[in-house]
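The structure file entry.csv is reproduced below (CSV, C-alpha atoms).
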```
chain,number,residue,atom,x,y,z
C,46,MET,CA,0.0,0.0,0.0
C,47,GLN,CA,2.8,2.3,0.9
C,48,THR,CA,4.6,1.6,-2.4
C,49,ALA,CA,1.4,2.5,-4.3
C,50,LEU,CA,1.2,5.8,-2.4
C,51,ASP,CA,4.9,6.5,-3.1
C,52,TRP,CA,4.3,6.0,-6.8
C,53,VAL,CA,1.3,8.4,-6.8
C,54,GLN,CA,3.3,11.0,-5.0
C,55,GLU,CA,6.2,10.5,-7.4
C,56,ALA,CA,3.9,10.8,-10.4
C,57,GLY,CA,2.5,14.1,-8.9
C,58,LEU,CA,6.0,15.5,-8.5
C,59,CYS,CA,6.9,14.5,-12.0
C,60,TRP,CA,3.8,16.2,-13.3
C,61,ARG,CA,4.8,19.5,-11.6
C,62,ARG,CA,8.4,19.3,-12.9
C,63,HIS,CA,7.5,18.2,-16.5
C,64,PRO,CA,3.8,19.1,-17.2
C,65,ARG,CA,4.1,19.0,-21.0
C,66,ALA,CA,5.8,15.6,-21.2
C,67,CYS,CA,3.4,14.1,-18.7
C,68,SER,CA,0.4,15.5,-20.6
C,69,VAL,CA,1.7,13.9,-23.8
C,70,LEU,CA,1.8,10.5,-22.1
C,71,GLY,CA,-1.7,11.0,-20.7
C,72,TYR,CA,-3.0,11.8,-24.2
C,73,LEU,CA,-1.2,8.8,-25.6
C,74,PHE,CA,-2.9,6.5,-23.0
C,75,LEU,CA,-6.3,8.1,-23.9
C,76,THR,CA,-5.9,7.6,-27.6
C,77,MET,CA,-4.6,4.0,-27.1
C,78,ALA,CA,-7.6,3.2,-24.8
C,79,PHE,CA,-10.1,4.6,-27.3
C,80,CYS,CA,-8.6,2.5,-30.2
C,81,TYR,CA,-8.7,-0.7,-28.2
C,82,HIS,CA,-12.3,-0.1,-27.0
C,83,PRO,CA,-14.1,2.8,-28.7
C,84,PRO,CA,-16.3,4.8,-26.4
C,85,VAL,CA,-19.9,5.6,-27.0
C,86,GLY,CA,-20.0,7.3,-30.4
C,87,HIS,CA,-19.1,11.0,-30.2
C,88,TRP,CA,-17.3,13.2,-32.6
C,89,VAL,CA,-14.6,14.1,-30.0
C,90,GLY,CA,-13.7,10.4,-29.7
C,91,GLY,CA,-13.3,10.3,-33.5
C,92,PHE,CA,-10.8,13.1,-33.5
C,93,VAL,CA,-8.9,11.5,-30.6
C,94,MET,CA,-8.7,8.1,-32.2
C,95,MET,CA,-7.6,9.6,-35.5
C,96,SER,CA,-4.6,11.3,-33.9
C,97,LEU,CA,-3.1,8.1,-32.6
C,98,PRO,CA,-0.1,8.1,-35.0
C,99,ILE,CA,0.9,11.6,-33.9
C,100,ALA,CA,0.3,10.6,-30.2
C,101,ILE,CA,2.7,7.6,-30.6
C,102,LEU,CA,5.5,9.8,-32.0
C,103,ALA,CA,5.0,12.5,-29.4
C,104,GLY,CA,4.8,9.8,-26.7
C,105,LEU,CA,8.2,8.4,-27.8
C,106,VAL,CA,9.8,11.8,-27.6
C,107,ALA,CA,8.3,12.5,-24.2
C,108,SER,CA,9.3,9.1,-22.8
C,109,LEU,CA,12.9,9.5,-23.9
C,110,TYR,CA,13.0,13.1,-22.5
C,111,LEU,CA,11.7,11.9,-19.1
C,112,LEU,CA,14.3,9.1,-19.0
C,113,ARG,CA,17.0,11.6,-19.8
C,114,GLN,CA,15.7,13.8,-17.0
C,115,ARG,CA,16.0,10.8,-14.7
C,116,GLU,CA,12.3,10.5,-14.3
C,117,LEU,CA,12.6,6.7,-14.4
C,118,LEU,CA,9.0,5.8,-13.4
C,119,ALA,CA,7.2,8.1,-15.8
C,120,GLY,CA,9.6,7.4,-18.7
C,121,THR,CA,9.3,3.6,-18.2
C,122,VAL,CA,5.5,3.9,-18.0
C,123,GLY,CA,5.6,5.8,-21.3
C,124,LEU,CA,7.6,3.1,-23.0
C,125,VAL,CA,5.2,0.4,-21.7
C,126,TRP,CA,2.3,2.3,-23.1
C,127,LEU,CA,4.1,2.6,-26.4
C,128,ALA,CA,4.7,-1.1,-26.5
C,129,LEU,CA,1.0,-1.7,-25.9
C,130,THR,CA,0.3,0.3,-29.2
C,131,LEU,CA,2.2,-2.3,-31.2
C,132,PRO,CA,-0.9,-4.5,-31.8
C,133,ILE,CA,-2.8,-1.5,-33.1
C,134,GLY,CA,0.1,-0.8,-35.5
C,135,LYS,CA,-1.1,-3.8,-37.5
C,136,ARG,CA,-3.9,-1.5,-38.7
C,137,LEU,CA,-1.3,0.7,-40.4
C,138,PHE,CA,1.2,-1.8,-41.9
C,139,GLY,CA,0.7,-5.3,-43.1
C,140,TYR,CA,3.2,-8.2,-43.1
C,141,GLY,CA,1.1,-10.7,-45.1
C,142,ASN,CA,0.5,-14.2,-43.7
C,143,GLU,CA,2.1,-17.5,-44.0
C,144,LEU,CA,0.2,-20.2,-46.0
C,145,THR,CA,1.2,-23.5,-47.2
C,146,THR,CA,0.7,-24.1,-50.9
C,147,ASN,CA,-1.2,-27.4,-50.7
C,148,VAL,CA,-4.6,-26.0,-49.6
C,149,SER,CA,-7.2,-27.7,-51.7
C,150,ALA,CA,-10.2,-26.1,-50.2
C,151,PRO,CA,-12.0,-23.6,-52.5
C,152,ALA,CA,-11.4,-19.9,-51.9
C,153,LEU,CA,-13.9,-17.1,-52.3
C,154,SER,CA,-12.6,-13.9,-53.9
C,155,VAL,CA,-14.2,-10.6,-52.9
C,156,LEU,CA,-13.6,-7.3,-54.5
C,157,SER,CA,-14.5,-3.9,-53.0
C,158,PHE,CA,-14.2,-0.8,-55.1
C,159,ASN,CA,-15.4,2.8,-55.1
C,160,GLY,CA,-15.5,3.3,-58.9
C,161,GLU,CA,-16.3,7.0,-58.9
C,162,CYS,CA,-19.1,6.5,-61.3
C,163,PHE,CA,-16.9,4.5,-63.8
C,164,GLY,CA,-15.6,7.4,-65.9
C,165,PRO,CA,-14.7,7.3,-69.7
C,166,THR,CA,-11.3,5.6,-69.0
C,167,ALA,CA,-12.8,2.8,-66.9
C,168,ALA,CA,-12.7,0.2,-69.7
C,169,ALA,CA,-8.9,0.0,-69.5
C,170,GLY,CA,-9.1,-1.4,-65.9
C,171,MET,CA,-12.1,-3.6,-66.2
C,172,GLY,CA,-10.2,-6.8,-66.6
C,173,ASP,CA,-8.8,-6.5,-63.1
C,174,LEU,CA,-12.3,-6.2,-61.5
C,175,ARG,CA,-13.1,-9.9,-61.7
C,176,ALA,CA,-14.0,-11.7,-58.5
C,177,ASP,CA,-16.6,-14.2,-57.2
C,178,ILE,CA,-18.3,-11.4,-55.4
C,179,ALA,CA,-17.8,-7.7,-56.4
C,180,CYS,CA,-19.0,-4.8,-54.3
C,181,PHE,CA,-19.0,-1.4,-55.8
C,182,GLN,CA,-19.6,2.1,-54.3
C,183,GLU,CA,-20.4,5.1,-56.4
C,184,TYR,CA,-21.5,2.7,-59.1
C,185,SER,CA,-23.1,3.7,-62.4
C,186,PRO,CA,-24.6,1.1,-64.7
C,187,ASN,CA,-21.9,-0.5,-66.8
C,188,ALA,CA,-22.8,-3.1,-69.4
C,189,GLN,CA,-19.3,-4.5,-69.7
C,190,LEU,CA,-19.1,-5.2,-66.0
C,191,GLU,CA,-22.7,-6.5,-65.6
C,192,HIS,CA,-22.2,-9.2,-68.3
C,193,GLN,CA,-19.6,-10.8,-66.2
C,194,TYR,CA,-22.0,-11.8,-63.3
C,195,PRO,CA,-25.2,-13.8,-63.4
C,196,ASP,CA,-26.7,-12.3,-60.3
C,197,ARG,CA,-26.7,-8.7,-58.9
C,198,LEU,CA,-28.2,-6.4,-56.3
C,199,THR,CA,-28.3,-2.6,-56.9
C,200,ARG,CA,-29.6,0.5,-55.2
C,201,LEU,CA,-29.2,3.6,-57.4
C,202,THR,CA,-30.5,7.2,-57.2
C,203,ARG,CA,-30.8,9.9,-59.8
C,204,PHE,CA,-27.8,12.2,-59.9
C,205,ALA,CA,-27.1,15.2,-62.3
C,206,GLY,CA,-30.1,14.7,-64.5
C,207,ASN,CA,-30.6,11.2,-65.9
C,208,ARG,CA,-27.4,9.9,-64.4
C,209,GLU,CA,-27.8,7.0,-61.9
C,210,VAL,CA,-25.3,6.3,-59.1
C,211,GLY,CA,-25.3,4.2,-56.0
C,212,LEU,CA,-24.3,0.8,-54.7
C,213,ALA,CA,-24.0,-2.5,-56.5
C,214,LEU,CA,-23.2,-6.1,-55.4
C,215,PHE,CA,-22.4,-8.6,-58.2
C,216,SER,CA,-22.1,-12.4,-57.6
C,217,ARG,CA,-21.2,-15.5,-59.6
C,218,CYS,CA,-23.2,-17.4,-57.0
C,219,PRO,CA,-27.0,-17.1,-56.5
C,220,ILE,CA,-28.3,-14.4,-54.2
C,221,VAL,CA,-31.1,-16.0,-52.2
C,222,ARG,CA,-32.0,-13.1,-49.9
C,223,GLN,CA,-31.3,-9.4,-50.1
C,224,TYR,CA,-31.8,-6.0,-48.5
C,225,GLY,CA,-30.6,-2.6,-49.4
C,226,ARG,CA,-30.9,1.0,-48.2
C,227,ILE,CA,-29.7,4.4,-49.4
C,228,TRP,CA,-29.5,6.9,-46.5
C,229,LYS,CA,-31.2,10.3,-47.0
C,230,ARG,CA,-29.0,13.3,-47.3
C,231,ALA,CA,-30.1,17.0,-47.6
C,232,ASN,CA,-28.4,19.2,-50.2
C,233,ALA,CA,-26.0,16.5,-51.4
C,234,PRO,CA,-26.1,13.4,-53.6
C,235,GLU,CA,-27.7,10.4,-51.9
C,236,ILE,CA,-25.0,7.8,-52.6
C,237,ASN,CA,-24.3,6.4,-49.1
C,238,GLY,CA,-25.9,3.3,-47.9
C,239,PHE,CA,-25.5,-0.5,-47.6
C,240,LEU,CA,-26.5,-3.7,-49.4
C,241,CYS,CA,-26.9,-7.0,-47.5
C,242,ALA,CA,-27.0,-10.2,-49.6
C,243,ASP,CA,-27.3,-13.8,-48.5
C,244,ILE,CA,-25.5,-15.8,-51.1
C,245,ALA,CA,-25.6,-19.6,-51.8
C,246,TYR,CA,-21.9,-20.6,-51.8
C,247,GLY,CA,-21.5,-24.3,-52.4
C,248,ARG,CA,-23.5,-26.1,-49.7
C,249,ASP,CA,-23.4,-23.1,-47.5
C,250,THR,CA,-25.0,-19.7,-47.3
C,251,VAL,CA,-22.8,-16.6,-46.6
C,252,ARG,CA,-23.8,-13.1,-45.8
C,253,VAL,CA,-22.0,-10.2,-47.7
C,254,VAL,CA,-22.5,-6.6,-46.8
C,255,ASN,CA,-21.5,-3.8,-49.2
C,256,VAL,CA,-21.1,-0.5,-47.3
C,257,HIS,CA,-20.6,3.1,-48.3
C,258,LEU,CA,-20.5,5.2,-45.1
C,259,TRP,CA,-21.0,9.0,-44.9
C,260,SER,CA,-18.9,10.9,-47.4
C,261,MET,CA,-17.3,14.0,-46.0
C,262,GLY,CA,-16.1,15.7,-49.2
C,263,VAL,CA,-13.0,17.0,-47.3
C,264,ARG,CA,-11.1,19.4,-49.6
C,265,VAL,CA,-7.6,18.8,-48.3
C,266,GLU,CA,-6.1,19.6,-51.7
C,267,GLN,CA,-7.6,23.1,-51.7
C,268,ALA,CA,-6.2,23.8,-48.2
C,269,TYR,CA,-2.8,22.5,-49.4
C,270,ARG,CA,-2.8,24.7,-52.4
C,271,ALA,CA,-3.9,27.8,-50.5
C,272,GLY,CA,-1.1,27.2,-48.0
C,273,GLN,CA,1.5,26.8,-50.8
C,274,THR,CA,0.5,30.1,-52.4
C,275,GLY,CA,0.3,32.0,-49.1
C,276,ARG,CA,-3.5,32.7,-49.2
C,277,LEU,CA,-3.8,32.4,-45.5
C,278,SER,CA,-7.5,33.5,-45.3
C,279,THR,CA,-8.5,30.7,-47.7
C,280,PHE,CA,-6.2,28.2,-45.9
C,281,PHE,CA,-7.8,28.8,-42.5
C,282,SER,CA,-11.3,28.9,-44.1
C,283,GLU,CA,-10.6,25.5,-45.6
C,284,LEU,CA,-9.3,24.1,-42.3
C,285,GLY,CA,-12.5,25.3,-40.5
C,286,ASP,CA,-14.6,23.7,-43.2
C,287,THR,CA,-12.6,20.4,-43.0
C,288,PHE,CA,-13.1,20.4,-39.2
C,289,HIS,CA,-16.8,20.8,-39.6
C,290,ARG,CA,-17.0,18.1,-42.2
C,291,LEU,CA,-15.0,15.7,-40.1
C,292,LYS,CA,-17.1,16.3,-37.1
C,293,GLU,CA,-20.4,15.7,-39.0
C,294,GLY,CA,-18.9,12.6,-40.6
C,295,PHE,CA,-18.0,11.1,-37.2
C,296,ASP,CA,-21.5,11.6,-36.0
C,297,ARG,CA,-23.2,10.2,-39.1
C,298,ARG,CA,-21.0,7.2,-39.5
C,299,ASP,CA,-21.6,6.3,-35.8
C,300,GLU,CA,-25.3,6.1,-36.6
C,301,GLN,CA,-24.8,4.2,-39.9
C,302,ILE,CA,-22.4,1.6,-38.5
C,303,ARG,CA,-24.9,0.8,-35.7
C,304,GLU,CA,-27.6,0.1,-38.4
C,305,VAL,CA,-25.2,-2.1,-40.4
C,306,GLU,CA,-24.4,-4.0,-37.2
C,307,GLN,CA,-28.0,-4.9,-36.8
C,308,TYR,CA,-27.9,-7.0,-40.0
C,309,VAL,CA,-24.7,-8.9,-39.1
C,310,SER,CA,-24.9,-9.3,-35.3
C,311,GLY,CA,-25.9,-12.8,-34.4
C,312,SER,CA,-25.9,-13.9,-38.0
C,313,ARG,CA,-26.0,-17.7,-38.4
C,314,TYR,CA,-24.1,-17.3,-41.7
C,315,PRO,CA,-20.4,-16.5,-42.2
C,316,VAL,CA,-20.1,-12.8,-42.7
C,317,ILE,CA,-18.0,-10.5,-44.9
C,318,ILE,CA,-18.4,-6.7,-44.7
C,319,CYS,CA,-16.6,-4.5,-47.2
C,320,GLY,CA,-16.7,-1.1,-48.7
C,321,ASP,CA,-15.7,2.5,-48.5
C,322,PHE,CA,-15.7,3.5,-44.8
C,323,ASN,CA,-14.5,7.1,-45.4
C,324,GLU,CA,-12.5,6.7,-42.2
C,325,THR,CA,-9.0,5.7,-41.4
C,326,PRO,CA,-8.1,2.5,-39.4
C,327,PHE,CA,-8.0,4.6,-36.3
C,328,GLY,CA,-11.7,5.7,-36.6
C,329,TYR,CA,-14.8,4.9,-34.6
C,330,ALA,CA,-16.6,2.8,-37.2
C,331,TYR,CA,-13.4,0.7,-37.8
C,332,GLY,CA,-12.9,0.2,-34.1
C,333,LYS,CA,-16.5,-0.8,-33.5
C,334,LEU,CA,-16.5,-3.5,-36.2
C,335,ARG,CA,-13.0,-4.7,-35.2
C,336,MET,CA,-14.4,-5.6,-31.7
C,337,ARG,CA,-16.5,-8.3,-33.4
C,338,PHE,CA,-14.8,-9.0,-36.7
C,339,ARG,CA,-11.3,-9.4,-38.0
C,340,ASN,CA,-9.9,-7.1,-40.7
C,341,ALA,CA,-8.6,-8.7,-43.9
C,342,PHE,CA,-5.7,-6.2,-44.3
C,343,GLU,CA,-4.5,-6.7,-40.8
C,344,GLU,CA,-4.4,-10.5,-41.3
C,345,ALA,CA,-3.1,-10.8,-44.8
C,346,GLY,CA,-2.3,-7.4,-46.2
C,347,GLU,CA,1.2,-6.2,-47.2
C,348,GLY,CA,2.8,-2.8,-46.8
C,349,PHE,CA,0.6,0.2,-46.1
C,350,GLY,CA,-2.2,-0.7,-48.5
C,351,PHE,CA,-3.2,2.9,-49.1
C,352,THR,CA,-6.5,3.0,-51.1
C,353,LEU,CA,-7.0,6.7,-51.8
C,354,ASN,CA,-5.8,7.9,-55.3
C,355,ARG,CA,-5.9,11.6,-54.5
C,356,HIS,CA,-4.8,13.9,-51.7
C,357,PRO,CA,-3.9,13.1,-49.0
C,358,TYR,CA,-3.0,9.7,-50.7
C,359,CYS,CA,-1.4,8.1,-47.6
C,360,VAL,CA,-4.6,6.7,-46.1
C,361,ARG,CA,-6.6,3.4,-46.2
C,362,ILE,CA,-10.3,4.1,-46.0
C,363,ASP,CA,-11.6,1.1,-48.0
C,364,GLN,CA,-11.9,-2.0,-45.8
C,365,GLN,CA,-12.9,-5.7,-45.6
C,366,PHE,CA,-14.0,-7.3,-42.4
C,367,PHE,CA,-14.9,-11.0,-41.8
C,368,SER,CA,-16.3,-13.2,-39.1
C,369,ALA,CA,-14.5,-16.0,-37.3
C,370,ASP,CA,-16.0,-18.5,-39.8
C,371,TRP,CA,-13.3,-17.6,-42.4
C,372,TYR,CA,-9.6,-17.6,-43.0
C,373,VAL,CA,-8.3,-14.8,-45.2
C,374,THR,CA,-5.5,-16.0,-47.5
C,375,SER,CA,-4.6,-12.7,-49.2
C,376,CYS,CA,-5.6,-9.1,-49.2
C,377,ARG,CA,-4.3,-6.7,-51.9
C,378,THR,CA,-4.7,-3.1,-53.0
C,379,LEU,CA,-4.9,-3.1,-56.8
C,380,SER,CA,-3.0,0.1,-57.3
C,381,GLY,CA,-2.7,-0.5,-61.0
C,382,VAL,CA,-6.4,0.4,-61.5
C,383,THR,CA,-6.2,4.2,-61.6
C,384,PHE,CA,-9.4,5.5,-63.3
C,385,SER,CA,-11.0,6.2,-59.9
C,386,ASP,CA,-10.0,8.3,-56.9
C,387,HIS,CA,-9.9,5.0,-55.0
C,388,PHE,CA,-8.0,1.8,-55.5
C,389,PRO,CA,-9.8,-1.6,-55.5
C,390,VAL,CA,-9.3,-4.0,-52.6
C,391,MET,CA,-9.3,-7.7,-53.4
C,392,ALA,CA,-9.3,-10.5,-50.7
C,393,ARG,CA,-9.6,-14.2,-50.8
C,394,TYR,CA,-11.3,-16.2,-48.1
C,395,VAL,CA,-11.6,-19.9,-47.2
C,396,LEU,CA,-14.3,-21.3,-44.9
C,397,LYS,CA,-12.8,-22.9,-41.9
C,398,LYS,CA,-15.3,-25.8,-42.1
C,399,SER,CA,-14.1,-26.6,-45.6
C,400,LEU,CA,-10.5,-26.9,-44.3
C,401,ALA,CA,-11.6,-29.5,-41.8
C,402,GLN,CA,-12.7,-31.6,-44.7
C,403,SER,CA,-9.6,-30.9,-46.8
C,404,PRO,CA,-6.3,-32.7,-46.7
C,405,GLY,CA,-4.4,-29.4,-47.0
C,406,MET,CA,-3.1,-27.6,-44.0
C,407,LEU,CA,-3.5,-23.9,-43.3
C,408,ALA,CA,-1.2,-22.0,-41.0
C,409,GLN,CA,-2.1,-18.4,-40.6
C,410,ARG,CA,-0.2,-15.7,-38.7
```
Produce structure tokens that represent the structure in this file.
Amino acid sequence: MQTALDWVQEAGLCWRRHPRACSVLGYLFLTMAFCYHPPVGHWVGGFVMMSLPIAILAGLVASLYLLRQRELLAGTVGLVWLALTLPIGKRLFGYGNELTTNVSAPALSVLSFNGECFGPTAAAGMGDLRADIACFQEYSPNAQLEHQYPDRLTRLTRFAGNREVGLALFSRCPIVRQYGRIWKRANAPEINGFLCADIAYGRDTVRVVNVHLWSMGVRVEQAYRAGQTGRLSTFFSELGDTFHRLKEGFDRRDEQIREVEQYVSGSRYPVIICGDFNETPFGYAYGKLRMRFRNAFEEAGEGFGFTLNRHPYCVRIDQQFFSADWYVTSCRTLSGVTFSDHFPVMARYVLKKSLAQSPGMLAQR
């Protein structure tokens, strides 16, 4: 008991001597805790979780500084907290997985892609968009693509006159049950929503959900250009607009991911959820789903896997999650498909129950 009191007193003295460094460590602990267990949805929590990479770098500097100042307790605690962020680091960088080559069980390939309405140059990349199940966001009718799949589910809305855009789910296997919804949005294109399809896959039925969460329309590039040219008033105006859009996005996606969870929680079928989350791996929606599902990139991705083909480029906002019924054997960002402002994500899954019936062996990291 006395030792605990001594530690508390020492921590208080350290705080008085080095308030900034200790505050940084406190913020590091807060962001780490939020990422491990997201709190009740609130836009403040979204901003805190998004700042984890910065908190890690600042926490490392603060810990080394405290150790140099001979504040051994605080510095050591900081290093321990940094070590606890390593599992979260899997969200940022993938190391692939280790699989033997003699797996004879069938694999299900799933593609997720925000096609940005499939512009005039889309035909050049269409050959790379073949999968057993293909989930598209910002989809506009495309005959070349639709001929590749015998079954489909779409939810489209009118946009810019006679143009249609929305969500589409294509499948080489029969869709036996389906549900879809486009969320209402005032003064903006209604392109966000989700599709839920129960698909006959061999002797099993699997549930695939195609999601496009709230789009923020953050104009980072405009703020960047304004800063480069010295237009400070425009720069700060764009920053304020970005903050407002991020705040609104955190609130909306919290509501939307709760609705999506209703269609997958307690599902008796193996589940795959994929789409454009419009949120980094340190966001609330990602954290909520990760409490119940595994992320394909974390398990089988390689490198950073960035999926945005525009400023700020270095983010991964397109995701695939899966239930414990699956193994994921690979997850790749198809950076060679460049006609959209997103890159496609392709993952391959194997049902665990099929492995039990297969002579092949699977070893997954």
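Atom CA of C:Leu174 sits 14.0 Å away from atom CA of C:Glu161.
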Please work out which residues fall within 7 Å of (-18.7, -6.4, -46.8), coordinates as given in the file, with only C-alpha atoms counting, and return them as a PyMOL selection string.
-> chain C and resi 253-256+317-320+365-366
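Atom CA of C:Ser368 is positioned 20.6 Å from atom CA of C:Gly225.
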Choose the residue, out of C:Val390, C:Met171, C:Val382, C:Leu73, that has the smallest atom-to-atom separation from C:Thr352; count only C-alpha atoms.
-> C:Val390
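Distances here use only C-alpha atoms; by that measure, the residue among C:Glu324, C:Leu156, C:Leu137, C:Phe204 closest to C:Gly350 is C:Leu137.
The interatomic distance for the pair atom CA of C:Arg297 and atom CA of C:Leu258 works out to 8.3 Å.
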Non-local contacts of stretch 309-313 of chain C (12 Å; only C-alpha atoms; under 5 positions in same chain excluded) as a VMD selection string = chain C and resid 239 to 243 249 to 255 302 to 304 318 334 336 to 338 366 to 370
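Distances to C:Leu97 were evaluated for C:Gly294, C:Gly328, C:Pro195, C:Pro315 using only C-alpha atoms, and the minimum falls at C:Gly328.
In this comparison, which uses only C-alpha atoms, the residue of C:Asp196, C:Asp363, C:Glu343, C:Glu116 approaching C:Cys376 most closely is C:Glu343.
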Counting only C-alpha atoms, the residue of C:Val395, C:Phe138, C:Leu198, C:Ala233 that sits nearest C:Cys359 = C:Phe138
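Here the question is which of C:Gln114, C:Thr130, C:Ser380, C:Ser68 gets nearest to C:Tyr81 using all atoms listed in the file, and that residue is C:Thr130.
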So which residues touch C:Ala213 within 7 Å, counting only C-alpha atoms, skipping near sequence neighbours fewer than 3 positions away, as a PyMOL selection string?
-> chain C and resi 180-182+184+198-200
